[in-house]
$ cat protein_1.txt   # compact mmCIF, C-alpha atoms and all ligand atoms
# COMPACT_ATOMS: atom_id res chain seq x y z
CA MET A 217 -8.94 -20.62 10.69
CA PRO A 218 -11.57 -17.95 10.20
CA SER A 219 -13.88 -17.88 13.19
CA PRO A 220 -17.60 -18.13 12.46
CA THR A 221 -18.07 -14.54 13.51
CA ILE A 222 -15.92 -13.15 10.75
CA THR A 223 -18.04 -14.92 8.18
CA THR A 224 -21.16 -13.37 9.64
CA LEU A 225 -19.38 -10.05 9.82
CA LEU A 226 -18.61 -10.16 6.12
CA GLU A 227 -22.09 -11.40 5.25
CA GLY A 228 -23.28 -8.13 3.72
CA HIS A 229 -20.11 -7.56 1.75
CA ARG A 230 -19.75 -10.94 0.06
CA SER A 231 -18.51 -10.78 -3.55
CA GLN A 232 -18.54 -7.00 -3.53
CA PRO A 233 -14.96 -5.89 -4.04
CA HIS A 234 -15.88 -2.22 -3.89
CA GLN A 235 -16.91 -2.66 -0.25
CA LEU A 236 -13.38 -3.43 0.81
CA ILE A 237 -13.08 -0.40 3.08
CA GLU A 238 -16.44 -1.03 4.72
CA ALA A 239 -15.48 -4.63 5.38
CA LEU A 240 -12.17 -3.56 6.90
CA GLN A 241 -13.99 -1.01 9.04
CA ASP A 242 -16.39 -3.65 10.32
CA VAL A 243 -13.55 -5.98 11.22
CA GLN A 244 -11.63 -3.18 12.88
CA LYS A 245 -14.66 -2.18 14.92
CA HIS A 246 -15.41 -5.71 15.99
CA TYR A 247 -11.93 -6.96 16.84
CA GLY A 248 -10.14 -3.68 17.48
CA TYR A 249 -7.57 -4.59 14.87
CA ILE A 250 -7.21 -6.43 11.59
CA SER A 251 -5.35 -9.70 11.80
CA GLU A 252 -3.69 -11.61 9.03
CA ASP A 253 -6.44 -14.22 9.19
CA SER A 254 -9.16 -11.61 8.89
CA MET A 255 -7.41 -10.15 5.87
CA ARG A 256 -7.28 -13.56 4.26
CA SER A 257 -10.98 -14.08 4.94
CA ILE A 258 -11.82 -10.66 3.55
CA SER A 259 -9.83 -11.46 0.44
CA ASP A 260 -11.69 -14.75 -0.02
CA GLU A 261 -15.14 -13.44 0.76
CA LEU A 262 -15.00 -10.23 -1.23
CA GLY A 263 -13.01 -11.55 -4.15
CA VAL A 264 -10.24 -8.99 -3.76
CA SER A 265 -6.63 -10.06 -4.02
CA LEU A 266 -4.81 -10.43 -0.73
CA MET A 267 -2.22 -7.94 -1.87
CA GLU A 268 -4.86 -5.31 -2.37
CA VAL A 269 -6.45 -5.94 1.01
CA TYR A 270 -3.05 -5.62 2.62
CA SER A 271 -2.17 -2.47 0.66
CA VAL A 272 -5.40 -0.75 1.63
CA ALA A 273 -5.30 -1.88 5.25
CA SER A 274 -1.74 -0.67 5.67
CA PHE A 275 -2.44 2.63 3.92
CA TYR A 276 -5.04 4.08 6.27
CA LYS A 277 -4.15 5.13 9.76
CA ALA A 278 -7.64 4.22 10.89
CA PHE A 279 -6.81 0.55 10.47
CA SER A 280 -4.56 -1.12 12.96
CA LEU A 281 -2.75 -4.29 11.99
CA GLN A 282 -1.72 -5.05 15.55
CA PRO A 283 -3.91 -5.83 18.54
CA ARG A 284 -4.76 -2.71 20.47
CA GLY A 285 -5.53 -2.11 24.11
CA LYS A 286 -8.98 -1.67 25.59
CA ASN A 287 -8.41 2.06 25.91
CA ILE A 288 -6.95 4.06 23.08
CA ILE A 289 -5.20 7.20 24.21
CA ALA A 290 -4.42 9.52 21.34
CA VAL A 291 -2.09 12.40 22.04
CA CYS A 292 -2.21 15.22 19.54
CA THR A 293 1.27 16.20 18.41
CA GLY A 294 0.13 18.72 15.82
CA THR A 295 1.84 22.10 15.62
CA ALA A 296 -0.37 23.95 18.09
CA CYS A 297 -0.32 21.15 20.64
CA HIS A 298 3.38 20.63 20.12
CA VAL A 299 4.28 24.19 21.07
CA ARG A 300 2.13 23.85 24.16
CA GLY A 301 4.00 20.82 25.35
CA ALA A 302 2.40 17.77 23.73
CA LYS A 303 5.79 16.11 23.77
CA MET A 304 5.81 16.05 27.57
CA VAL A 305 2.31 14.65 27.64
CA LEU A 306 3.28 11.95 25.18
CA ASN A 307 6.39 11.01 27.13
CA GLN A 308 4.37 10.87 30.31
CA ALA A 309 1.86 8.56 28.62
CA ILE A 310 4.62 6.30 27.35
CA SER A 311 6.26 6.00 30.75
CA GLN A 312 2.94 5.51 32.55
CA ILE A 313 1.83 2.75 30.25
CA GLY A 314 5.18 1.24 29.51
CA ALA A 315 4.59 0.78 25.81
CA GLU A 316 5.65 2.75 22.75
CA PRO A 317 3.01 4.39 20.55
CA GLY A 318 1.15 1.80 18.52
CA GLU A 319 2.03 -1.02 20.89
CA ILE A 320 -0.24 -2.64 23.39
CA SER A 321 0.56 -2.37 27.09
CA LYS A 322 1.39 -5.53 29.02
CA ASP A 323 -1.94 -5.62 30.84
CA GLY A 324 -3.74 -5.24 27.54
CA LEU A 325 -5.52 -2.12 28.76
CA PHE A 326 -3.87 0.66 26.80
CA THR A 327 -2.51 1.70 23.45
CA ILE A 328 -1.10 5.16 22.88
CA GLU A 329 -1.23 6.83 19.54
CA HIS A 330 -0.10 10.15 18.30
CA VAL A 331 -2.21 12.04 15.82
CA ASN A 332 -1.36 15.13 13.88
CA CYS A 333 -4.22 17.47 14.58
CA LEU A 334 -7.62 16.93 16.07
CA GLY A 335 -8.96 20.25 14.89
CA ALA A 336 -9.23 21.71 18.37
CA CYS A 337 -5.95 23.62 18.42
CA ALA A 338 -7.17 26.38 20.74
CA LEU A 339 -7.74 23.78 23.44
CA GLY A 340 -4.28 22.21 23.15
CA PRO A 341 -2.62 20.09 24.21
CA VAL A 342 -5.47 17.79 23.34
CA VAL A 343 -5.71 14.13 24.27
CA THR A 344 -8.55 11.82 23.34
CA GLU A 345 -9.34 8.80 25.40
CA ASN A 346 -11.54 6.40 23.48
CA GLU A 347 -14.35 8.70 22.33
CA SER A 348 -13.97 11.58 24.78
CA VAL A 349 -11.75 14.61 24.30
CA HIS A 350 -9.61 16.15 27.04
CA HIS A 351 -8.32 19.68 26.65
CA HIS A 352 -5.38 21.59 28.14
CA MET A 353 -3.63 18.42 29.15
CA ASP A 354 -0.44 18.31 31.14
CA PRO A 355 1.53 15.36 32.45
CA GLY A 356 -0.20 15.55 35.84
CA LYS A 357 -3.70 15.50 34.44
CA LEU A 358 -2.79 12.65 32.16
CA ARG A 359 -1.45 10.63 35.04
CA LYS A 360 -4.76 11.07 36.83
CA LEU A 361 -6.66 10.12 33.73
CA ILE A 362 -4.70 6.94 33.26
CA LYS A 363 -5.05 6.08 36.92
CA SER A 364 -8.79 6.49 36.83
CA LEU A 365 -9.03 4.49 33.65
CA LYS A 366 -7.08 1.73 35.29
CA LYS A 367 -9.58 1.71 38.12
CA GLY A 368 -12.29 1.51 35.54
CA ASP A 369 -13.79 4.65 37.05
CA LYS A 370 -15.16 6.22 33.88
CA GLU A 371 -17.21 8.91 35.66
CA GLY A 372 -14.20 10.47 37.29
CA ALA A 373 -12.21 10.33 34.08
CA SER A 374 -14.52 12.42 31.99
CA HIS A 375 -14.08 15.48 34.23
CA VAL A 376 -10.32 15.64 34.27
CA MET B 125 -9.24 1.72 -38.50
CA THR B 126 -7.53 3.73 -35.82
CA GLN B 127 -8.41 7.37 -35.66
CA GLU B 128 -5.55 9.76 -35.60
CA VAL B 129 -5.22 13.18 -34.08
CA THR B 130 -2.65 15.87 -34.61
CA VAL B 131 -0.78 17.28 -31.66
CA ASN B 132 1.79 20.01 -31.56
CA ILE B 133 4.76 18.99 -29.45
CA ASP B 134 7.58 21.53 -29.25
CA GLY B 135 6.41 23.02 -32.52
CA ALA B 136 6.34 19.75 -34.45
CA PHE B 137 2.98 18.55 -35.71
CA ILE B 138 2.73 14.90 -34.84
CA ARG B 139 0.00 12.47 -35.82
CA ALA B 140 -0.75 9.93 -33.17
CA PRO B 141 -3.46 7.32 -32.73
CA LYS B 142 -6.33 8.37 -30.52
CA GLY B 143 -6.01 7.01 -27.00
CA SER B 144 -2.25 7.02 -26.95
CA THR B 145 -0.35 9.21 -24.55
CA VAL B 146 1.59 12.37 -25.25
CA LEU B 147 4.75 10.61 -24.13
CA ASP B 148 4.14 7.84 -26.69
CA ALA B 149 3.59 10.37 -29.43
CA ALA B 150 6.74 12.32 -28.54
CA LEU B 151 8.95 9.25 -28.28
CA GLY B 152 7.55 7.94 -31.54
CA ALA B 153 8.55 11.18 -33.23
CA GLY B 154 12.04 11.17 -31.77
CA ILE B 155 11.46 13.78 -29.11
CA CYS B 156 13.11 12.59 -25.94
CA ILE B 157 11.15 13.28 -22.80
CA PRO B 158 13.00 11.68 -19.88
CA HIS B 159 10.92 9.02 -18.18
CA LEU B 160 11.50 6.28 -15.69
CA CYS B 161 8.40 4.59 -14.38
CA ARG B 162 6.76 4.17 -17.76
CA VAL B 163 6.95 0.70 -19.27
CA PRO B 164 5.40 0.14 -22.70
CA TYR B 165 2.30 -2.08 -22.58
CA LEU B 166 1.77 -1.57 -18.85
CA GLU B 167 -0.67 0.95 -17.44
CA ASP B 168 0.93 4.25 -16.44
CA ILE B 169 0.64 5.56 -12.93
CA GLY B 170 2.74 8.71 -13.16
CA ALA B 171 4.93 7.76 -10.22
CA CYS B 172 8.32 9.25 -11.07
CA ARG B 173 7.10 12.63 -12.40
CA LEU B 174 10.10 12.90 -14.72
CA CYS B 175 8.06 13.09 -17.87
CA ILE B 176 6.41 16.41 -17.01
CA VAL B 177 5.50 18.74 -19.87
CA GLU B 178 3.70 22.04 -20.24
CA HIS B 179 0.23 21.66 -21.67
CA ILE B 180 -0.96 24.95 -23.15
CA GLU B 181 -4.70 25.29 -22.93
CA ASN B 182 -6.63 28.53 -23.54
CA GLY B 183 -3.43 30.49 -23.22
CA ARG B 184 -2.73 28.96 -19.81
CA SER B 185 0.01 26.47 -19.26
CA LYS B 186 -0.49 23.52 -17.01
CA ILE B 187 2.29 21.20 -15.91
CA THR B 188 1.42 17.56 -15.95
CA THR B 189 2.99 14.17 -16.61
CA SER B 190 2.95 13.28 -20.27
CA CYS B 191 2.69 9.52 -19.65
CA THR B 192 -0.78 9.97 -18.19
CA LEU B 193 -1.92 12.67 -20.62
CA LEU B 194 -3.88 11.39 -23.60
CA VAL B 195 -3.49 13.04 -26.98
CA GLN B 196 -6.29 15.31 -28.16
CA GLU B 197 -6.81 17.02 -31.45
CA GLY B 198 -5.05 20.38 -31.62
CA MET B 199 -3.24 20.01 -28.32
CA ARG B 200 -0.16 22.16 -27.68
CA ILE B 201 2.66 20.68 -25.63
CA LEU B 202 6.03 22.11 -24.69
CA SER B 203 8.49 19.60 -23.34
CA ASN B 204 11.71 21.53 -23.11
CA THR B 205 11.08 24.98 -21.69
CA ASP B 206 13.19 26.58 -18.98
CA ARG B 207 10.47 26.01 -16.47
CA ILE B 208 10.19 22.33 -17.27
CA ARG B 209 13.92 21.83 -17.33
CA LYS B 210 14.23 23.39 -13.91
CA LEU B 211 11.44 21.32 -12.39
CA ARG B 212 12.71 18.16 -14.01
CA ARG B 213 16.19 18.81 -12.73
CA ASN B 214 14.84 19.08 -9.20
CA ILE B 215 12.89 15.85 -9.55
CA ALA B 216 15.89 14.03 -10.96
CA GLU B 217 18.04 15.42 -8.18
CA LEU B 218 15.70 14.03 -5.55
CA LEU B 219 15.60 10.68 -7.31
CA VAL B 220 19.35 10.35 -7.52
CA THR B 221 19.70 11.45 -3.92
CA GLU B 222 17.31 8.75 -2.84
CA ALA B 223 18.99 6.02 -4.82
CA PRO B 224 22.34 6.93 -6.32
CA ASN B 225 23.45 3.32 -6.70
CA SER B 226 21.88 2.62 -10.05
CA ARG B 227 23.23 3.44 -13.42
CA ALA B 228 19.70 4.04 -14.60
CA ILE B 229 19.05 6.74 -12.06
CA GLN B 230 22.50 8.25 -12.50
CA ASP B 231 21.97 8.50 -16.23
CA ILE B 232 18.58 10.08 -15.85
CA ALA B 233 20.00 12.61 -13.44
CA LEU B 234 22.72 13.55 -15.91
CA ARG B 235 20.28 13.68 -18.74
CA CYS B 236 18.23 16.16 -16.71
CA GLY B 237 21.26 18.28 -15.97
CA VAL B 238 22.01 17.26 -12.40
CA VAL B 239 25.72 17.39 -11.71
CA GLU B 240 25.75 17.85 -8.00
CA THR B 241 23.10 17.09 -5.42
CA ARG B 242 22.30 19.48 -2.64
CA TYR B 243 21.26 16.72 -0.27
CA PRO B 244 23.17 13.85 1.33
CA PHE B 245 22.76 10.53 -0.45
CA ARG B 246 20.27 8.15 1.08
CA ASN B 247 21.39 4.97 -0.64
CA SER B 248 17.96 3.42 -0.60
CA ASP B 249 17.30 0.47 -2.86
CA CYS B 250 13.92 1.39 -4.24
CA VAL B 251 12.61 4.53 -5.89
CA LEU B 252 8.95 3.44 -5.75
CA CYS B 253 8.53 3.64 -9.49
CA GLY B 254 6.08 0.75 -9.32
CA ARG B 255 7.44 -0.99 -12.42
CA CYS B 256 7.64 -4.31 -10.60
CA VAL B 257 4.19 -3.93 -9.08
CA ARG B 258 2.59 -3.24 -12.43
CA ALA B 259 4.50 -5.96 -14.24
CA CYS B 260 3.51 -8.61 -11.71
CA THR B 261 0.66 -10.80 -12.86
CA GLY B 262 0.82 -13.33 -10.05
CA HIS B 263 -1.67 -16.15 -10.12
CA PHE B 264 -4.61 -15.31 -12.36
CA GLY B 265 -4.03 -11.62 -11.88
CA GLU B 266 -3.66 -11.79 -8.11
CA LYS B 267 -0.50 -9.84 -7.63
CA ALA B 268 2.26 -11.20 -5.42
CA ILE B 269 3.74 -7.79 -4.64
CA GLY B 270 2.29 -4.35 -4.14
CA PHE B 271 2.69 -1.04 -2.40
CA VAL B 272 2.35 -1.14 1.35
CA GLY B 273 2.08 1.74 3.79
CA ARG B 274 2.11 5.36 2.77
CA GLY B 275 4.14 8.53 2.85
CA LYS B 276 7.69 7.93 3.90
CA ASP B 277 6.84 4.37 4.95
CA ARG B 278 5.63 3.37 1.50
CA ARG B 279 7.42 0.31 0.23
CA VAL B 280 7.04 -2.66 -2.07
CA GLU B 281 6.21 -5.88 -0.29
CA SER B 282 4.39 -9.13 -0.63
CA PRO B 283 1.43 -9.66 1.70
CA PHE B 284 2.59 -9.75 5.34
CA ASN B 285 6.12 -9.69 4.00
CA LEU B 286 6.07 -13.47 3.63
CA TYR B 287 7.21 -15.31 0.59
CA SER B 288 4.09 -15.19 -1.45
CA GLU B 289 2.46 -18.34 -2.75
CA LEU B 290 1.18 -16.14 -5.56
CA CYS B 291 4.62 -15.60 -7.04
CA ASN B 292 5.23 -17.39 -10.35
CA GLU B 293 8.95 -16.75 -10.21
CA CYS B 294 8.85 -15.22 -13.63
CA GLY B 295 11.49 -12.64 -12.71
CA ARG B 296 9.84 -9.87 -14.66
CA CYS B 297 9.89 -7.55 -11.67
CA ILE B 298 13.64 -7.88 -11.43
CA ASP B 299 14.15 -7.36 -15.16
CA LEU B 300 12.26 -4.10 -15.05
CA CYS B 301 13.65 -2.70 -11.82
CA PRO B 302 15.96 0.26 -12.47
CA MET B 303 17.79 -0.52 -9.26
CA THR B 304 19.27 -3.70 -10.70
CA ILE B 305 21.46 -1.78 -13.11
CA VAL B 306 25.00 -1.67 -11.82
CA PRO B 307 26.05 1.89 -10.99
CA CYS B 308 28.78 3.71 -12.84
CA ASP B 309 31.78 3.89 -10.55
CA GLY B 310 33.14 7.06 -12.14
CA ASN B 311 34.19 9.80 -9.81
CA MET B 312 31.14 9.37 -7.67
CA LYS B 313 32.31 8.37 -4.25
CA PRO B 314 29.96 7.08 -1.63
CA GLY B 315 28.58 9.91 0.43
CA GLU B 316 29.74 12.55 -2.01
CA GLY B 317 26.97 14.31 -3.80
CA ARG B 318 28.67 14.56 -7.15
CA LEU B 319 27.99 12.65 -10.30
CA CYS B 320 30.89 11.99 -12.60
CA GLY B 321 29.21 12.73 -15.88
CA ASN B 322 31.92 11.40 -18.10
CA CYS B 323 29.71 8.91 -19.89
CA GLU B 324 27.96 9.23 -23.17
CA SER B 325 25.07 10.76 -21.27
CA LYS B 326 26.97 13.99 -21.31
CA MET B 327 26.09 14.79 -24.88
CA LEU B 328 22.44 14.91 -24.08
CA THR B 329 22.84 17.62 -21.50
CA GLU B 330 24.20 19.92 -24.13
CA GLU B 331 21.91 22.65 -25.26
CA ALA B 332 22.34 21.69 -28.91
CA ALA B 333 20.57 18.38 -28.36
CA GLN B 334 17.36 20.27 -27.54
CA GLY B 335 15.64 17.23 -26.09
CA TYR B 336 15.52 15.30 -29.33
CA CYS B 337 16.38 11.65 -29.28
CA ILE B 338 19.76 11.03 -30.77
CA GLY B 339 19.70 7.32 -30.04
CA CYS B 340 22.00 7.47 -27.06
CA TYR B 341 23.24 4.41 -25.21
CA MET B 342 21.72 5.77 -22.10
CA GLY B 343 18.39 4.29 -23.10
CA ASP B 344 19.74 0.86 -22.24
CA GLY B 345 20.38 2.13 -18.77
CA PHE B 346 16.82 2.83 -17.88
CA GLN B 347 15.03 0.81 -20.49
CA CYS B 348 13.93 3.81 -22.43
CA GLU B 349 11.09 2.79 -24.64
CA ARG B 350 13.05 3.67 -27.74
CA SER B 351 15.91 1.43 -26.83
CA ILE B 352 13.51 -1.41 -26.05
CA THR B 353 11.78 -1.10 -29.40
CA ASN B 354 15.13 -0.80 -31.16
CA THR B 355 16.34 -4.09 -29.77
CA LEU B 356 13.09 -5.99 -30.19
S1 LIG A 401 11.63 -2.44 -6.45
FE1 LIG A 401 12.53 -1.56 -8.32
S2 LIG A 401 10.88 -1.71 -9.87
FE2 LIG A 401 9.93 -2.00 -7.87
S3 LIG A 401 9.22 0.05 -7.26
FE3 LIG A 401 11.27 -0.23 -6.35
S4 LIG A 401 12.69 0.65 -7.87
FE4 LIG A 401 10.71 0.34 -8.92
S1 LIG A 402 -2.57 20.70 16.79
FE1 LIG A 402 -3.55 19.52 18.36
S2 LIG A 402 -5.62 19.88 17.85
FE2 LIG A 402 -4.63 20.95 16.26
S1 LIG A 403 7.18 8.22 -16.85
FE1 LIG A 403 5.58 9.62 -16.55
S2 LIG A 403 5.64 9.88 -14.39
FE2 LIG A 403 7.16 8.33 -14.67

$ encode --input "protein_1.txt" --output "structure tokens" --more "lines below"
Ligand code: SF4
Ligand code: FES
Ligand code: FES
Amino acid sequence: MPSPTITTLLEGHRSQPHQLIEALQDVQKHYGYISEDSMRSISDELGVSLMEVYSVASFYKAFSLQPRGKNIIAVCTGTACHVRGAKMVLNQAISQIGAEPGEISKDGLFTIEHVNCLGACALGPVVTENESVHHHMDPGKLRKLIKSLKKGDKEGASHV
Amino acid sequence: MTQEVTVNIDGAFIRAPKGSTVLDAALGAGICIPHLCRVPYLEDIGACRLCIVEHIENGRSKITTSCTLLVQEGMRILSNTDRIRKLRRNIAELLVTEAPNSRAIQDIALRCGVVETRYPFRNSDCVLCGRCVRACTGHFGEKAIGFVGRGKDRRVESPFNLYSELCNECGRCIDLCPMTIVPCDGNMKPGEGRLCGNCESKMLTEEAAQGYCIGCYMGDGFQCERSITNTL
């Protein structure tokens, strides 16, 4: 059953198939992910076939089809970050959170992702936590970051 | 009245209706350009890249797929140069490596001169030609299957991978899928990157054939447009 909010969310896009991506972005922003139900509602409201909605949603990395944690930790595994030890950082993140990349942690707080390059290679290894960017990461720093995020202590986190 | 233009394909002047593709024109004139993803009467998406040709424009040659290239007056096309043959052989080699278990793909590989593959076989069951996706009409044009994901995760699926209520069970997707054609069991052993090449396809790899259609049986294998129109 589509919740009333999704109908209001899609208000501006109704019957405008070309706004498919915008509609998906809105849903993603609002719910943190795009569920099967939301895709069905988008298909109905915009007049786009379900197959097309699903194709587009699964094509872009920016859209997540699974629920995601409150905090998104993206570890850059691009070439520059890789040679500076991004792999260790990623493994540390996985063991700290206890969930594989793309999955949601048990407490619902975290999702790890790996991205291919954030365009800040000189600062590698780079990790982004929600909107803020952390440079020269190592497993120790990451542990601290995750700890402080768990405490909900945002101030401390942004200086790591 | 349909307007016609004249194109020069491999030195032959061919008249073709405006709006048709170079591949259409060539096949109509008996010039065989290998192709896989193209199905007559469906839109072309240029997925398999087998039908590449050289398009000579202002003295410069550009390589592009002939199934998505529309004919223009005075166009010059070369479909069987060394360069094209080499590229096409590489494409066919990759295709047959990905999915060696189809007679259609095996035949195409032989036709393009692949005898041995340099890579281990992958034995996948889809080459992402998109024939099924384009043939599907679903309910009132709402397709029941489509491409999902991208890059190496691209695959053909119905929404959420559930049995789709949009499917009419027409079976057209299966009819058109090259992977449904039983492989030749010649000397090709599983895991061995060698094609047997003892079939009728062999004659087309000979230099004398020069890329012209000689009405081979191979067409049946991959539903070559000529063989379809011959049997209609
Ligand atoms: S399932 Fe068959 S027809 Fe469909 S894309 Fe794959 S190989 Fe082509
Ligand atoms: S490789 Fe990590 S920012 Fe470029
Ligand atoms: S037939 Fe032209 S790309 Fe497949």

$ residues_near_ligand --input "protein_1.txt" --ligand "ligand LIG 401 (chain A)" --cutoff "9 Å" --atoms "all atoms listed in the file" --output "number ranges by chain"
B: 161, 223, 249-259, 270-271, 279-281, 297-304

$ interface_residues --input "protein_1.txt" --of "chain B" --to "chain A" --cutoff "12 Å" --atoms "all atoms listed in the file" --output "PyMOL selection string"
chain B and resi 257+260-286+288-291

$ residues_near_ligand --input "protein_1.txt" --ligand "ligand LIG 402 (chain A)" --cutoff "6 Å" --atoms "all atoms listed in the file" --output "NGL selection string"
:A and (292-297 or 333-337 or 340-342)

$ write_last_selection --input "protein_1.txt" --atoms "C-alpha atoms" --output "PDB file, in the coordinates of the input"
ATOM      1  CA  CYS A 292      -2.210  15.220  19.540  1.00  0.00           C
ATOM      2  CA  THR A 293       1.270  16.200  18.410  1.00  0.00           C
ATOM      3  CA  GLY A 294       0.130  18.720  15.820  1.00  0.00           C
ATOM      4  CA  THR A 295       1.840  22.100  15.620  1.00  0.00           C
ATOM      5  CA  ALA A 296      -0.370  23.950  18.090  1.00  0.00           C
ATOM      6  CA  CYS A 297      -0.320  21.150  20.640  1.00  0.00           C
ATOM      7  CA  CYS A 333      -4.220  17.470  14.580  1.00  0.00           C
ATOM      8  CA  LEU A 334      -7.620  16.930  16.070  1.00  0.00           C
ATOM      9  CA  GLY A 335      -8.960  20.250  14.890  1.00  0.00           C
ATOM     10  CA  ALA A 336      -9.230  21.710  18.370  1.00  0.00           C
ATOM     11  CA  CYS A 337      -5.950  23.620  18.420  1.00  0.00           C
ATOM     12  CA  GLY A 340      -4.280  22.210  23.150  1.00  0.00           C
ATOM     13  CA  PRO A 341      -2.620  20.090  24.210  1.00  0.00           C
ATOM     14  CA  VAL A 342      -5.470  17.790  23.340  1.00  0.00           C
TER      15      VAL A 342
END

$ closest_atom_pairs --input "protein_1.txt" --of "chain B" --to "ligand LIG 403 (chain A)" --cutoff "7 Å" --atoms "all atoms listed in the file" --output "CSV"
residue,atom,partner,partner_atom,distance
B:His159,CA,A:LIG403,S1,4.0
B:Leu160,CA,A:LIG403,S1,4.9
B:Cys161,CA,A:LIG403,FE2,4.0
B:Arg162,CA,A:LIG403,S1,4.2
B:Ile169,CA,A:LIG403,S2,6.8
B:Gly170,CA,A:LIG403,S2,3.4
B:Ala171,CA,A:LIG403,S2,4.7
B:Cys172,CA,A:LIG403,FE2,3.9
B:Arg173,CA,A:LIG403,S2,3.7
B:Leu174,CA,A:LIG403,S2,5.4
B:Cys175,CA,A:LIG403,FE1,4.5
B:Ile176,CA,A:LIG403,FE1,6.9
B:Thr189,CA,A:LIG403,FE1,5.2
B:Ser190,CA,A:LIG403,FE1,5.8
B:Cys191,CA,A:LIG403,FE1,4.2
B:Thr192,CA,A:LIG403,FE1,6.6

$ axis_aligned_box --input "protein_1.txt" --around "range 202-219 of chain B" --padding-each-side "5 Å" --output "AutoDock Vina command-line options"
--center_x 12.0 --center_y 18.6 --center_z -15.1 --size_x 22.0 --size_y 25.9 --size_z 29.1

$ atom_distance --input "protein_1.txt" --atom1 "CA of Arg300 in chain A" --atom2 "CA of Ala338 in chain A"
10.2 Å

$ residues_around --input "protein_1.txt" --residues "range 127-136 of chain B" --least-positions-apart "6" --cutoff "6 Å" --atoms "only C-alpha atoms" --output "list in words"
Lys142, Glu197, Gly198, Met199, Arg200, Ile201 and Leu202 of chain B

$ atom_distance --input "protein_1.txt" --atom1 "CA of Gly318 in chain A" --atom2 "CA of Ile258 in chain A"
23.4 Å

$ atom_distance --input "protein_1.txt" --atom1 "CA of Ser226 in chain B" --atom2 "CA of Ser248 in chain B"
10.3 Å

$ residues_around --input "protein_1.txt" --residues "Ser203 in chain B" --least-positions-apart "5" --cutoff "7 Å" --atoms "only C-alpha atoms" --output "JSON, numbers by chain"
{"B": [134, 157, 177, 178, 208]}

$ closest_residue --input "protein_1.txt" --among "B:Leu166, B:Cys156, B:Leu147, B:Ala140" --to "Thr188 in chain B" --atoms "only C-alpha atoms"
B:Leu147

$ closest_residue --input "protein_1.txt" --among "A:Leu325, A:Thr221, A:Phe279, A:Glu345" --to "Glu238 in chain A" --atoms "only C-alpha atoms"
A:Phe279

$ closest_residue --input "protein_1.txt" --among "B:Val163, B:Glu217, B:Val306, B:Gly183" --to "Asp148 in chain B" --atoms "all atoms listed in the file"
B:Val163

$ residues_around --input "protein_1.txt" --residues "Thr327 in chain A" --least-positions-apart "6" --cutoff "7 Å" --atoms "only C-alpha atoms" --output "MDAnalysis selection string"
chainID A and resid 284:285 287:289 317:321

$ closest_residue --input "protein_1.txt" --among "A:Ser254, A:Ser259, A:Gln308, A:Ser280" --to "Lys357 in chain A" --atoms "all atoms listed in the file"
A:Gln308
